[in-house]
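K.L.:
Below you will find the structure I want to go over with you.
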Amino acid sequence: ATIAAIDVAYKAQADVIKAIGLLKKRNIYFEYNIIGQGNPAVLQNLIDRLDLNDLVRIKGSIPHNQIFKILKDIDVYVQPSKVEGLPRAVVEAMSVACPVIGTDAGGIPELIPKKCLYPKGDINTLVNLLISVNEYFLFKYAKSNFEEAKKYQKENLEKKRLNFYKVFLEDYNLIANE
């Protein structure tokens, strides 16, 4: 699954659809759910053209309170973005022990292991990563992602933010050192 705006090309769900098409030609089948708001026409045309309606579904927008249930029910989350900040959906997937595959764009490499990354737009490497998904992969990255996600819990981020402000204020002599 991927959770992102579905009518923004740089979110690159089309790359995952193409990878699933290549895999299907090799008799390797992955189901892919695309979740997010926006006009699905471009992605649906690609799905139709590659004859993937049996494997790829555009779910559209889903209330945020249902996202965690979806993330718990999937085997792998894919973040195929060509441009990205620090994607909340990746952190959310990690927080429910979901393995994540993603591109090397933006903050994604800060979140997931190098072995789960592929160069943005590189569909062949994505295909190879998907082929590598097995029971060991799922167990290993579910566990490591869950541990890594703890760093992004609200309390931990708040401590880091407060410490940053304190150091900043001290560095510019805006508060007295204690």
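Please note that chains go A, B, ... in the order of the structure tokens, that every chain numbers its residues from 1, and that ligands are numbered from 1 in the order shown.
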DSSP on the backbone, then: every residue of segment 16-169 of chain A marked alpha helix (DSSP H), written as a PyMOL selection string.
P.N.:
chain A and resi 16-25+41-49+64-73+88-95+108-111+123-131+135-149+154-169
K.L.:
Can you tell me which residues surround segment 117-129 of chain A at a distance of at most 12 Å, considering only C-alpha atoms, apart from same-chain residues fewer than 2 positions away, and format the answer as a ChimeraX atom specification?
P.N.:
/A:9-26,28-30,76,78-84,99-115,131-134,137
K.L.:
Report, in Å to a single decimal, how far apart atom CA of Ile3 of chain A and atom CA of Lys150 of chain A are.
P.N.:
20.6 Å
K.L.:
Rounded to one decimal place, report the atom CA of Leu71 of chain A-atom CA of Glu147 of chain A distance in Å.
P.N.:
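Computing it gives 16.3 Å between the two atoms.
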K.L.:
Report as a list in words all protein, DNA and RNA residues lying within 8 Å of Ala142 of chain A, evaluated on only C-alpha atoms, omitting residues in the same chain fewer than 3 positions from it.
P.N.:
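With the cut-off at 8 Å, the set is Met94, Ala97, Cys98, Pro99, Leu138, Phe139, Asn145 and Phe146 of chain A.
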K.L.:
Go ahead and save the picked residues with N, CA and C atoms, as a tab-separated table (two decimals), in the first residue's frame.
P.N.:
chain	number	residue	atom	x	y	z
A	94	MET	N	5.74	2.29	10.27
A	94	MET	CA	6.77	1.74	11.16
A	94	MET	C	6.24	1.54	12.57
A	97	ALA	N	4.75	-1.72	13.21
A	97	ALA	CA	5.66	-2.82	12.84
A	97	ALA	C	5.43	-3.31	11.42
A	98	CYS	N	5.20	-2.38	10.51
A	98	CYS	CA	5.03	-2.73	9.11
A	98	CYS	C	6.35	-2.48	8.38
A	99	PRO	N	6.87	-3.47	7.67
A	99	PRO	CA	8.07	-3.23	6.87
A	99	PRO	C	7.80	-2.17	5.80
A	138	LEU	N	10.10	-9.79	6.26
A	138	LEU	CA	8.97	-9.23	6.98
A	138	LEU	C	9.24	-9.17	8.48
A	139	PHE	N	9.76	-10.25	9.04
A	139	PHE	CA	10.03	-10.29	10.48
A	139	PHE	C	11.13	-9.29	10.86
A	145	ASN	N	11.73	-1.60	12.31
A	145	ASN	CA	10.93	-0.40	12.07
A	145	ASN	C	10.16	0.01	13.32
A	146	PHE	N	9.65	-0.97	14.05
A	146	PHE	CA	8.91	-0.66	15.27
A	146	PHE	C	9.83	0.04	16.27
K.L.:
Just list as a PyMOL selection string whatever in segment 84-170 of chain A DSSP marks as strand (DSSP E or B).
P.N.:
chain A and resi 100-103+117-118
K.L.:
Work out how far atom CA of Asp51 of chain A is from atom CA of Ile70 of chain A, in Å to one decimal.
P.N.:
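So the two atoms, atom CA of Ile70 of chain A and atom CA of Asp51 of chain A, lie 24.6 Å apart.
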